[in-house]
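> Sharing data_15.csv, CSV, C-alpha atoms and all ligand atoms:
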```csv
chain,number,residue,atom,x,y,z
A,1,MET,CA,-2.4,0.9,60.4
A,2,LYS,CA,-5.7,-1.1,60.7
A,3,THR,CA,-8.9,0.4,59.4
A,4,PHE,CA,-12.3,-0.8,60.4
A,5,PRO,CA,-15.1,-0.9,57.8
A,6,MET,CA,-17.7,0.6,60.1
A,7,SER,CA,-20.9,1.7,58.5
A,8,PRO,CA,-21.6,5.4,58.7
A,9,ARG,CA,-25.0,4.3,60.1
A,10,LEU,CA,-23.2,3.0,63.2
A,11,ALA,CA,-22.7,-0.8,63.0
A,12,GLY,CA,-25.1,-1.0,60.1
A,13,ALA,CA,-28.1,-0.1,62.2
A,14,ASP,CA,-30.9,1.8,60.5
A,15,PRO,CA,-32.2,5.1,62.0
A,16,ALA,CA,-35.3,3.5,63.6
A,17,THR,CA,-33.1,1.0,65.4
A,18,LEU,CA,-30.8,3.7,66.6
A,19,ARG,CA,-33.7,5.7,67.9
A,20,GLY,CA,-35.0,2.6,69.7
A,21,TRP,CA,-31.6,2.1,71.4
A,22,VAL,CA,-31.5,5.7,72.6
A,23,ALA,CA,-35.1,5.5,73.8
A,24,ALA,CA,-34.4,2.3,75.8
A,25,GLY,CA,-31.9,4.2,78.0
A,26,ARG,CA,-29.2,2.2,79.7
A,27,GLU,CA,-30.2,-1.2,78.3
A,28,GLY,CA,-30.4,0.4,74.8
A,29,LEU,CA,-26.9,1.8,75.1
A,30,CYS,CA,-25.7,-1.7,76.1
A,31,ARG,CA,-27.3,-3.0,72.9
A,32,MET,CA,-25.7,-0.2,70.9
A,33,LEU,CA,-22.3,-1.0,72.4
A,34,ARG,CA,-22.7,-4.7,71.6
A,35,ALA,CA,-23.5,-3.9,68.0
A,36,VAL,CA,-20.5,-1.6,67.7
A,37,LEU,CA,-18.2,-4.3,69.1
A,38,ARG,CA,-19.7,-6.8,66.7
A,39,ALA,CA,-19.1,-4.5,63.8
A,40,LEU,CA,-15.5,-4.0,64.9
A,41,ASP,CA,-15.2,-7.8,65.2
A,42,GLY,CA,-16.6,-8.2,61.7
A,43,GLY,CA,-14.1,-5.7,60.4
A,44,LEU,CA,-11.1,-7.5,61.9
A,45,ASN,CA,-12.4,-10.9,60.8
A,46,ALA,CA,-14.8,-10.2,58.0
A,47,SER,CA,-15.1,-13.7,56.7
A,48,HIS,CA,-16.5,-14.9,60.1
A,49,PRO,CA,-19.7,-13.3,61.2
A,50,PRO,CA,-20.0,-12.5,64.9
A,51,VAL,CA,-20.4,-15.5,67.1
A,52,ALA,CA,-22.8,-16.0,70.0
A,53,SER,CA,-22.1,-13.8,73.0
A,54,ALA,CA,-24.5,-15.6,75.3
A,55,THR,CA,-26.0,-19.0,75.7
A,56,CYS,CA,-29.2,-20.4,77.2
A,57,ASP,CA,-26.9,-22.1,79.7
A,58,GLN,CA,-26.5,-18.8,81.5
A,59,THR,CA,-28.3,-19.0,84.9
A,60,GLN,CA,-28.3,-15.3,85.5
A,61,PRO,CA,-31.0,-13.2,83.8
A,62,VAL,CA,-30.2,-12.0,80.2
A,63,PRO,CA,-31.3,-8.3,80.4
A,64,GLY,CA,-30.9,-7.6,76.7
A,65,GLY,CA,-32.8,-10.8,75.6
A,66,LEU,CA,-31.3,-13.8,73.8
A,67,ILE,CA,-32.4,-15.8,70.8
A,68,SER,CA,-31.4,-19.4,70.7
A,69,LEU,CA,-32.0,-21.3,67.4
A,70,VAL,CA,-32.5,-24.8,68.8
A,71,GLY,CA,-32.5,-28.0,66.8
A,72,ALA,CA,-35.5,-30.2,67.9
A,73,GLY,CA,-34.1,-33.3,66.1
A,74,PRO,CA,-36.1,-35.4,63.6
A,75,GLY,CA,-39.1,-36.2,65.9
A,76,ALA,CA,-38.4,-38.7,68.7
A,77,ALA,CA,-38.0,-36.6,71.9
A,78,ASP,CA,-35.1,-38.8,73.0
A,79,LEU,CA,-33.1,-37.6,70.0
A,80,LEU,CA,-33.1,-34.1,71.6
A,81,THR,CA,-29.6,-33.0,72.8
A,82,LEU,CA,-29.0,-32.2,76.4
A,83,ARG,CA,-28.2,-28.6,75.5
A,84,ALA,CA,-31.5,-28.3,73.6
A,85,LEU,CA,-33.3,-29.7,76.6
A,86,ARG,CA,-31.6,-27.1,78.9
A,87,CYS,CA,-32.7,-24.3,76.5
A,88,LEU,CA,-36.3,-25.5,76.6
A,89,GLN,CA,-36.2,-25.6,80.3
A,90,ARG,CA,-34.9,-22.0,80.6
A,91,ALA,CA,-37.0,-20.4,77.8
A,92,ASP,CA,-39.5,-17.7,78.5
A,93,VAL,CA,-41.0,-18.1,75.0
A,94,ILE,CA,-40.7,-20.9,72.4
A,95,PHE,CA,-41.6,-20.3,68.8
A,96,TYR,CA,-41.9,-23.7,67.1
A,97,ASP,CA,-42.2,-25.1,63.6
A,98,ARG,CA,-44.7,-27.4,62.0
A,99,LEU,CA,-42.5,-30.5,62.1
A,100,VAL,CA,-41.6,-30.2,65.8
A,101,ASP,CA,-43.1,-33.1,67.7
A,102,PRO,CA,-45.5,-32.3,70.6
A,103,GLU,CA,-43.4,-34.8,72.7
A,104,VAL,CA,-40.4,-32.5,72.3
A,105,LEU,CA,-42.5,-29.4,73.4
A,106,ALA,CA,-43.6,-31.3,76.5
A,107,HIS,CA,-40.1,-30.9,77.8
A,108,ALA,CA,-40.4,-27.1,77.9
A,109,ARG,CA,-40.5,-25.2,81.2
A,110,PRO,CA,-44.2,-25.4,82.3
A,111,GLY,CA,-44.4,-21.5,82.4
A,112,ALA,CA,-42.9,-21.0,79.0
A,113,GLU,CA,-45.1,-19.4,76.4
A,114,ARG,CA,-45.4,-21.6,73.2
A,115,ILE,CA,-46.2,-20.0,69.9
A,116,TYR,CA,-46.7,-22.0,66.7
A,117,VAL,CA,-45.1,-20.3,63.7
A,118,GLY,CA,-45.3,-23.2,61.3
A,119,LYS,CA,-45.5,-22.8,57.6
A,120,ALA,CA,-47.4,-25.3,55.5
A,121,VAL,CA,-45.6,-25.8,52.2
A,122,GLY,CA,-46.8,-23.0,49.8
A,123,ALA,CA,-48.9,-21.3,52.5
A,124,CYS,CA,-48.0,-17.8,53.9
A,125,ASP,CA,-49.7,-17.4,57.2
A,126,TRP,CA,-46.3,-17.2,58.9
A,127,PRO,CA,-44.0,-15.6,56.2
A,128,GLN,CA,-40.4,-15.5,57.2
A,129,GLU,CA,-40.3,-11.7,57.8
A,130,ARG,CA,-43.2,-12.0,60.3
A,131,ILE,CA,-41.3,-14.8,62.2
A,132,ASP,CA,-38.2,-12.6,62.2
A,133,ALA,CA,-40.2,-9.7,63.6
A,134,VAL,CA,-41.9,-11.7,66.4
A,135,ILE,CA,-38.8,-13.3,67.7
A,136,VAL,CA,-36.9,-10.0,67.7
A,137,ALA,CA,-39.8,-8.2,69.5
A,138,ALA,CA,-39.9,-10.9,72.2
A,139,ALA,CA,-36.1,-10.7,72.7
A,140,LEU,CA,-36.2,-6.9,72.9
A,141,GLN,CA,-38.5,-7.3,75.9
A,142,GLY,CA,-35.6,-9.1,77.6
A,143,LYS,CA,-37.0,-12.6,77.1
A,144,ARG,CA,-35.0,-15.8,76.5
A,145,VAL,CA,-36.4,-16.8,73.1
A,146,VAL,CA,-36.1,-20.3,71.8
A,147,ARG,CA,-36.7,-20.7,68.1
A,148,LEU,CA,-37.3,-24.4,67.9
A,149,LYS,CA,-36.7,-25.9,64.5
A,150,SER,CA,-37.0,-29.5,63.3
A,151,GLY,CA,-33.7,-31.4,62.9
A,152,ASP,CA,-30.7,-29.1,62.8
A,153,PRO,CA,-31.4,-25.4,62.6
A,154,GLY,CA,-28.6,-24.8,60.2
A,155,ILE,CA,-29.8,-27.3,57.6
A,156,PHE,CA,-32.7,-26.0,55.4
A,157,GLY,CA,-33.9,-24.1,58.4
A,158,ARG,CA,-34.0,-20.4,57.4
A,159,ALA,CA,-31.6,-19.7,60.2
A,160,THR,CA,-29.7,-17.1,58.3
A,161,GLU,CA,-32.7,-14.7,58.1
A,162,GLU,CA,-33.4,-15.0,61.8
A,163,LEU,CA,-29.7,-14.5,62.8
A,164,ALA,CA,-29.5,-11.5,60.6
A,165,ALA,CA,-32.7,-10.0,62.1
A,166,ALA,CA,-31.4,-10.5,65.6
A,167,ARG,CA,-27.9,-9.1,64.9
A,168,ARG,CA,-29.5,-6.0,63.3
A,169,HIS,CA,-30.9,-5.3,66.7
A,170,GLY,CA,-27.8,-6.2,68.7
A,171,ILE,CA,-29.5,-9.2,70.2
A,172,PRO,CA,-27.2,-12.0,71.2
A,173,THR,CA,-27.8,-15.3,69.4
A,174,GLU,CA,-26.7,-18.9,69.5
A,175,ILE,CA,-27.2,-22.0,67.5
A,176,VAL,CA,-27.9,-25.3,69.3
A,177,PRO,CA,-27.3,-28.1,66.7
A,178,GLY,CA,-29.7,-31.0,66.4
A,179,VAL,CA,-29.9,-34.4,64.8
A,180,THR,CA,-30.8,-33.8,61.2
A,181,ALA,CA,-33.4,-35.8,59.3
A,182,ALA,CA,-30.8,-37.4,57.0
A,183,SER,CA,-29.0,-38.9,60.1
A,184,ALA,CA,-32.3,-40.2,61.4
A,185,ALA,CA,-33.0,-41.7,58.0
A,186,GLY,CA,-29.7,-43.5,57.9
A,187,ALA,CA,-30.4,-44.9,61.4
A,188,ALA,CA,-33.8,-46.0,60.3
A,189,LEU,CA,-32.3,-47.9,57.4
A,190,GLY,CA,-29.8,-49.5,59.7
A,191,ARG,CA,-27.2,-48.5,57.2
A,192,ALA,CA,-24.4,-45.9,57.1
A,193,LEU,CA,-24.8,-43.0,54.9
A,194,THR,CA,-21.1,-43.2,53.8
A,195,GLU,CA,-19.5,-46.6,53.1
A,196,ARG,CA,-15.8,-46.9,53.0
A,197,GLY,CA,-14.5,-47.6,49.5
A,198,GLU,CA,-18.0,-47.2,48.0
A,199,THR,CA,-19.4,-43.7,48.9
A,200,ASP,CA,-16.9,-41.3,50.4
A,201,ARG,CA,-19.0,-38.2,49.9
A,202,LEU,CA,-22.4,-37.3,51.4
A,203,VAL,CA,-24.4,-34.5,49.8
A,204,LEU,CA,-27.4,-33.0,51.6
A,205,ALA,CA,-29.5,-31.2,49.1
A,206,THR,CA,-33.0,-29.8,48.7
A,207,GLY,CA,-35.6,-31.1,46.2
A,208,THR,CA,-37.6,-27.8,46.3
A,209,CYS,CA,-36.3,-24.3,45.7
A,210,ARG,CA,-37.7,-20.8,46.0
A,211,PRO,CA,-40.4,-20.2,43.4
A,212,GLY,CA,-38.7,-18.8,40.3
A,213,ASP,CA,-35.2,-20.3,41.1
A,214,ASP,CA,-33.8,-22.9,38.7
A,215,ALA,CA,-34.1,-26.5,40.0
A,216,PRO,CA,-30.9,-27.8,41.5
A,217,ASP,CA,-28.7,-29.9,39.3
A,218,TRP,CA,-28.9,-33.1,41.3
A,219,GLY,CA,-27.0,-34.9,38.5
A,220,ALA,CA,-23.9,-32.8,39.0
A,221,MET,CA,-24.0,-33.7,42.8
A,222,LEU,CA,-24.4,-37.4,42.4
A,223,MET,CA,-21.0,-38.3,41.0
A,224,PRO,CA,-19.8,-41.9,41.5
A,225,GLY,CA,-18.8,-42.4,45.1
A,226,THR,CA,-21.7,-40.2,46.5
A,227,THR,CA,-24.7,-40.6,48.7
A,228,LEU,CA,-27.3,-37.9,48.0
A,229,ALA,CA,-29.8,-37.2,50.8
A,230,LEU,CA,-32.6,-35.1,49.4
A,231,TYR,CA,-34.8,-33.0,51.7
A,232,MET,CA,-38.2,-31.8,50.5
A,233,GLY,CA,-38.0,-34.0,47.5
A,234,VAL,CA,-41.2,-36.1,47.5
A,235,SER,CA,-43.2,-33.6,45.4
A,236,GLN,CA,-40.3,-33.3,43.0
A,237,ALA,CA,-39.7,-37.0,42.5
A,238,ALA,CA,-40.4,-37.0,38.7
A,239,ARG,CA,-38.1,-34.0,38.1
A,240,ILE,CA,-35.3,-35.6,40.3
A,241,GLU,CA,-35.6,-38.9,38.5
A,242,ALA,CA,-35.5,-37.3,35.0
A,243,ASN,CA,-32.6,-35.0,36.0
A,244,LEU,CA,-30.5,-37.8,37.4
A,245,LEU,CA,-31.1,-40.2,34.5
A,246,ALA,CA,-30.3,-37.4,32.0
A,247,ALA,CA,-27.0,-36.9,33.9
A,248,GLY,CA,-26.0,-40.5,33.3
A,249,VAL,CA,-26.9,-41.9,36.8
A,250,PRO,CA,-27.8,-45.6,36.1
A,251,ASP,CA,-31.5,-46.3,36.4
A,252,ARG,CA,-30.6,-49.2,38.7
A,253,ALA,CA,-29.1,-46.8,41.3
A,254,SER,CA,-30.4,-47.6,44.8
A,255,VAL,CA,-33.1,-45.3,46.3
A,256,GLU,CA,-34.3,-45.5,49.9
A,257,ILE,CA,-37.1,-43.2,51.1
A,258,VAL,CA,-37.6,-42.8,54.8
A,259,SER,CA,-40.7,-40.9,55.9
A,260,HIS,CA,-41.3,-39.7,59.5
A,261,ALA,CA,-37.8,-41.0,60.4
A,262,SER,CA,-37.5,-41.8,64.1
A,263,GLY,CA,-41.3,-41.2,64.7
A,264,ALA,CA,-44.1,-43.6,65.4
A,265,ASP,CA,-45.2,-43.4,61.7
A,266,GLN,CA,-41.7,-44.1,60.3
A,267,ARG,CA,-41.9,-45.9,57.0
A,268,ILE,CA,-39.3,-47.1,54.5
A,269,VAL,CA,-39.8,-47.6,50.8
A,270,THR,CA,-37.0,-48.7,48.5
A,271,CYS,CA,-36.8,-48.8,44.7
A,272,CYS,CA,-34.4,-48.1,41.8
A,273,LEU,CA,-33.9,-44.7,40.4
A,274,GLY,CA,-35.8,-45.6,37.2
A,275,THR,CA,-39.0,-46.2,39.2
A,276,LEU,CA,-38.6,-43.4,41.8
A,277,ALA,CA,-41.6,-41.2,40.6
A,278,ARG,CA,-43.8,-44.2,40.1
A,279,THR,CA,-42.9,-45.7,43.5
A,280,VAL,CA,-43.6,-42.4,45.3
A,281,ARG,CA,-47.0,-42.2,43.6
A,282,ARG,CA,-48.1,-45.8,43.9
A,283,GLN,CA,-46.9,-46.2,47.5
A,284,GLY,CA,-48.4,-42.8,48.5
A,285,VAL,CA,-45.1,-41.7,50.1
A,286,GLU,CA,-45.8,-38.9,52.5
A,287,ASN,CA,-43.9,-35.9,53.8
A,288,PRO,CA,-41.7,-35.4,55.7
A,289,ALA,CA,-39.4,-37.7,53.9
A,290,ILE,CA,-35.8,-38.1,53.0
A,291,ILE,CA,-34.8,-39.6,49.7
A,292,VAL,CA,-31.4,-41.3,49.9
A,293,ILE,CA,-29.9,-42.1,46.5
A,294,ARG,CA,-26.6,-44.0,46.4
A,295,ARG,CA,-24.1,-44.1,43.5
A,296,PRO,CA,-21.2,-46.1,44.7
A,297,LYS,CA,-17.8,-46.0,43.0
A,298,GLY,CA,-18.4,-49.4,41.4
A,299,GLU,CA,-21.9,-48.4,40.2
A,300,LEU,CA,-23.6,-51.4,41.7
A,301,SER,CA,-27.2,-51.7,40.8
A,302,CYS,CA,-29.8,-51.5,43.6
A,303,SER,CA,-30.8,-55.1,43.2
A,304,ALA,CA,-27.2,-56.1,43.7
A,305,LEU,CA,-27.1,-54.2,46.9
A,306,HIS,CA,-30.2,-55.6,48.4
A,307,PRO,CA,-33.5,-57.0,47.2
A,308,LEU,CA,-36.4,-54.6,46.7
A,309,ARG,CA,-38.2,-54.4,49.9
A,310,ARG,CA,-40.8,-52.3,51.6
A,311,VAL,CA,-41.0,-52.0,55.3
A,312,GLY,CA,-43.9,-50.6,57.3
A,401,LIG,N1,-33.8,-28.6,59.6
A,401,LIG,C1,-34.4,-29.9,59.2
A,401,LIG,C2,-34.8,-29.9,57.8
A,401,LIG,C3,-36.0,-28.9,57.6
A,401,LIG,S1,-36.6,-28.9,55.9
A,401,LIG,C4,-33.4,-31.0,59.5
A,401,LIG,O1,-32.2,-30.7,59.7
A,401,LIG,O2,-33.8,-32.1,59.5
A,401,LIG,C5,-38.0,-30.0,56.0
A,401,LIG,C6,-37.7,-31.4,55.4
A,401,LIG,O3,-36.8,-32.1,56.2
A,401,LIG,C7,-38.9,-32.2,55.2
A,401,LIG,O4,-39.6,-31.9,54.0
A,401,LIG,C8,-38.2,-33.6,55.0
A,401,LIG,O5,-37.6,-33.7,53.7
A,401,LIG,C9,-37.1,-33.5,56.0
A,401,LIG,N2,-37.5,-34.1,57.3
A,401,LIG,C10,-37.7,-33.4,58.5
A,401,LIG,N3,-38.0,-34.3,59.5
A,401,LIG,C11,-38.1,-35.5,58.9
A,401,LIG,C12,-38.3,-36.8,59.4
A,401,LIG,N4,-38.6,-37.1,60.7
A,401,LIG,N5,-38.2,-37.9,58.5
A,401,LIG,C13,-37.9,-37.7,57.2
A,401,LIG,N6,-37.7,-36.4,56.7
A,401,LIG,C14,-37.7,-35.4,57.5
```
Can you present the structure in this file as structure tokens?


Amino acid sequence: MKTFPMSPRLAGADPATLRGWVAAGREGLCRMLRAVLRALDGGLNASHPPVASATCDQTQPVPGGLISLVGAGPGAADLLTLRALRCLQRADVIFYDRLVDPEVLAHARPGAERIYVGKAVGACDWPQERIDAVIVAAALQGKRVVRLKSGDPGIFGRATEELAAARRHGIPTEIVPGVTAASAAGAALGRALTERGETDRLVLATGTCRPGDDAPDWGAMLMPGTTLALYMGVSQAARIEANLLAAGVPDRASVEIVSHASGADQRIVTCCLGTLARTVRRQGVENPAIIVIRRPKGELSCSALHPLRRVG
């Protein structure tokens, strides 16, 4: 016999959410039913969280609201996917991030409300919980909510918190993938991120962690045969360099830094690992930037791969 690990609090909902559902009448009951079905689904297939039950492609109204986490791509508006474009054109309200280019927003439905919820690094005017709350509140009013995030929403995009907040309220969600910054950086370099026989592994990692967390062990990631693409790494250049050198990565390993990839201000700076921090400082490398470090199987030095160059 199958048993379903249903929470005694009905599909994991807290008492306030339950009261909200009941108060919302028929629509609330639909939301409650959806949450129960999702909880059952989670019980049958616990390792897979519930998937989207609606998409922004739907032409009919979405009475219970919908939250679409949409990837805006790395900057250039023509790197937006067709699906992202459709979402922008159907949205009632768009909550967008600091790195989303105004050119991308210009594609939104003219009547759509646009709300900036960007976070400057280290600032807390839009803490994550506040963003979770405002997108949920808008969806509970029956709106089609687009949460527009730079690049791909599932890569260093805090998507998990927003999906969880939506699911707690029984709101349908979907993820619309986007072109991530590392892909745009590879394109800017005119060079593949993986090269057959040289680098058969691509690691996307962050250079900055939550305050209080240990720094990532980049050295353990950059084994021979790997390309390491570091997001949010510029301010940590000295730590990254020291960690990698201590892990035995050759100081001649090739480093390519692409800032504002795909945008009008795109800039490429290259150096060897041993001069990473100095190069970032001296060249005044700005965010947003991706640091691409390659450690091919043959451990070629960066000068053997290509001469030192600076573009832009
Ligand atoms: N979800 C995004 C990443 C968000 S984290 C994505 O998939 O691309 C923010 C970091 O992404 C920035 O600090 C920077 O490291 C990187 N980034 C975003 N846009 C970029 C761009 N146009 N060029 C280079 N790096 C970029």

> Can you tell me which residues sit at most 7 Å away from ligand LIG 401 (chain A), counting all atoms listed in the file, written as a VMD selection string?

chain A and resid 73 to 75 99 149 to 157 179 to 182 184 to 185 230 to 233 258 to 263 287 to 290

> List the neighbours of Glu129 in chain A out to 12 Å using only C-alpha atoms; skip same-chain residues closer than 6 positions along the sequence, and give me the result as a list of chain:residue names.

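Non-adjacent residues within range: A:Val117, A:Ile135, A:Val136, A:Arg158, A:Thr160, A:Glu161, A:Glu162, A:Ala164, A:Ala165, A:Ala166.
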
> In terms of the shortest atom-to-atom distance over all atoms listed in the file, which of A:Gly71, A:Gly284, A:Pro127, A:Gly65 is closest to Asp92 in chain A?

A:Gly65

> Figure out the distance between CA of Asn243 in chain A and CA of Arg295 in chain A, please, to one decimal in Å.

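Spanning CA of Arg295 in chain A to CA of Asn243 in chain A is a straight-line distance of 14.5 Å.
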
> Give me, please, the distance in Å between CA of Arg239 in chain A and CA of Gly298 in chain A, quoted to one decimal.

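A separation of 25.2 Å between them.
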
> Between A:Met223, A:Ala76, A:Gly64, A:Gly197, which is the closest to Ala138 in chain A once you count all atoms listed in the file?

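Of the candidates, the smallest distance to Ala138 in chain A is held by A:Gly64.
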
> Pick from A:Ala237, A:Val292, A:Leu244, A:Ala54: nearest to Ala277 in chain A, with only C-alpha atoms counted?

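Using only C-alpha atoms, the shortest distance to Ala277 in chain A belongs to A:Ala237.
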
> In Å, with one decimal, what is the gap from CA of Leu82 in chain A to CA of Ala264 in chain A?

21.9 Å

> Hey, what's within 8 Å of Arg90 in chain A if we count all atoms listed in the file and toss same-chain stuff fewer than 6 positions away? As a list in words, please?

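Here the qualifying residues turn out to be Cys56, Ala108, Arg109 and Arg144 of chain A.
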
> Between A:Asp78, A:Thr226, A:Ala106, A:Gly142, which is the closest to Glu195 in chain A once you count all atoms listed in the file?

A:Thr226

> So which residues touch Leu273 in chain A within 7 Å, counting all atoms listed in the file, skipping near sequence neighbours fewer than 3 positions away, as a JSON list (two decimals) with C-alpha atoms, keeping the file's coordinate frame?


```json
[["chain", "number", "residue", "atom", "x", "y", "z"],
["A", 241, "GLU", "CA", -35.60, -38.90, 38.50],
["A", 251, "ASP", "CA", -31.50, -46.30, 36.40],
["A", 252, "ARG", "CA", -30.60, -49.20, 38.70],
["A", 253, "ALA", "CA", -29.10, -46.80, 41.30],
["A", 254, "SER", "CA", -30.40, -47.60, 44.80],
["A", 255, "VAL", "CA", -33.10, -45.30, 46.30],
["A", 276, "LEU", "CA", -38.60, -43.40, 41.80]]
```

> Kindly extract all protein, DNA and RNA residues lying within 10 Å of the coordinates (-34.5, -28.6, 45.4) given in the file, considering all atoms listed in the file, and supply them as a PyMOL selection string.

chain A and resi 205-210+213-218+230-233+236+239-240
